[in-house]
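S.K.: Input: one structure, supplied below.
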Amino acid sequence: MYGHSCPLYAESTCTILICTFEEFQEKYNDANLDTNVLCDDLLRNTIWSTGKYHDELAAASDQYHLDKLLEGMLNYAPTPAGRRYVAIALHIAHHKGGDAVVNVAQAWLHHLFLMMRTLSKLSHKVESSGSQTPTIDDTIIQIEKASRVDQPDLRDKLCVRESFRCAITRSFDTKRAEELIDQGKSNEIPPDTPQRRMEAAHIIPFLLNNFKDSTLLDSARTWDMLRTLSFGRFAFYFDKDAFPDNLNKYKVRMSRHGRLLSNGRAEADVEFPTLQASGIDPPDPEFLRIHAAFTKVLHLSGAADVMDRLERETESGIPLHMHPTYDFAQDISRRLAVLAM
């Protein structure tokens with residue numbers, strides 16, 4: 001028996017692979033199928049240029065690098081269980097043929113990575129189109145209205161935790177500066193410090209924090225950092241490996257060479273205050289690890305570049321064509337939970 005239980009969310013992958021959940025579970029729990037050995041074998045014999053199905057993966061899309069997507073998922077899965085899930089799925093797909101490998105890669109690309117990238121950049125101020133086919137924008141608004149009723153004021157909490165500074169660039173919050181000026185306390189404004197309007201967001205888009213499992217739900221409610229526009233667009237990530245012995249310290253790294261933070265630097269060391277020091281939870285390390293995995297795979301596969309180009313070409317958002325009764329938030333929550341295990 002393998003050390004991690006087979007995720008029930010693998011059922012949707014079984015549909016793509018045309019195998020039963022029991023067949024997937026049997027492979028997943030087979031102690032003779034070592035995860036590291038499987039990953040090395042898949043890279044050499046399936047995915048890389050030496051692999052049997054590399055050409056099919058390369059020919060399947062002229063926009064996305066499906067071979068790099070799969071390579072990234074094997075190399076950057078944030079947990080051992082998530083890595084084994086990917087390895088077992090690709091192991092089964094390899095033995096079913098090139099079409100199966102391509103199909104599972106495309107399913108992960110479109111229903112997990114592109115969905116996450118799209119949801120992370122959407123504005124909540126888009127009016128409903130009135131169409132029978134809802135867009136992501138329309139549906140996110142409906143879910144947000146229902147989900148945020150009892151949500152604390154995230155921005156205010158983060159401002160207190162971070163002393164009204166960006167956690168990464170240390171810019172001072174413009175709104176706070178204006179308040180201090182109005183109160184006759186301009187001397188409390190840090191001198192020679194850049195000022196920017198601070199914004200806040202969740203590590204994972206709020207509508208996806210719909211997990212039924214209580215542990216995941218508690219983790220999803222922990223706070224993110226300030227100044228998160230680029231964070232939500234996966235332009236940078238928090239590298240925990242740089243400071244493995246300090247729970248709340250990370251090195252912020254840009255996801256693409258040549259891009260810089262707003263302070264002109266390519267990286268920065270960030271240490272979030274503890275709960276004891278600030279009275280507010282720091283960001284959850286596991287969710288930051290998941291965000292880092294998404295960032296690396298999105299850029300390695302070329303998906304982030306394609307999305308950036310689409311966003312520059314349109315101002316109306318990206319439509320998601322689906323049945324009006326389809327609960328995509330619940331569906332993607334299930335898929336995301338696979339990586340969170």
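The way I read the labels, and the way they are meant: chains A, B, ... in the order of the structure tokens, residue 1 as the first residue of every chain, and ligand 1 as the first ligand shown, with later ones counted on from there.
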Report as a PyMOL selection string all protein, DNA and RNA residues lying within 9 Å of A:Leu42, evaluated on only C-alpha atoms, omitting residues in the same chain fewer than 4 positions from it.

M.R.: chain A and resi 37-38+46-48+51+71+87+90-91+94

S.K.: Give one line per residue of stretch 86-119 of chain A that approaches stretch 20-29 of chain A to at most 8 Å, naming the two atoms of the closest pair and their distance in Å to one decimal, counting only C-alpha atoms; sort by chain then ascending residue number and deliver it as a tab-separated table.

M.R.:
```
residue	atom	partner	partner_atom	distance
A:Ile88	CA	A:Tyr28	CA	6.1
A:Ala89	CA	A:Phe24	CA	7.6
A:Ile92	CA	A:Phe24	CA	8.0
```

S.K.: Here is a test: counting only C-alpha atoms, which residue of A:Glu162, A:Asp308, A:Asp269, A:Glu11 is nearest to A:Asn246?

M.R.: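 With only C-alpha atoms as the atom set, the closest residue is A:Asp269.
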
S.K.: Enter the distance from atom CA of A:Gly98 to atom CA of A:His54, in Å, rounded to one decimal.

M.R.: 8.8 Å
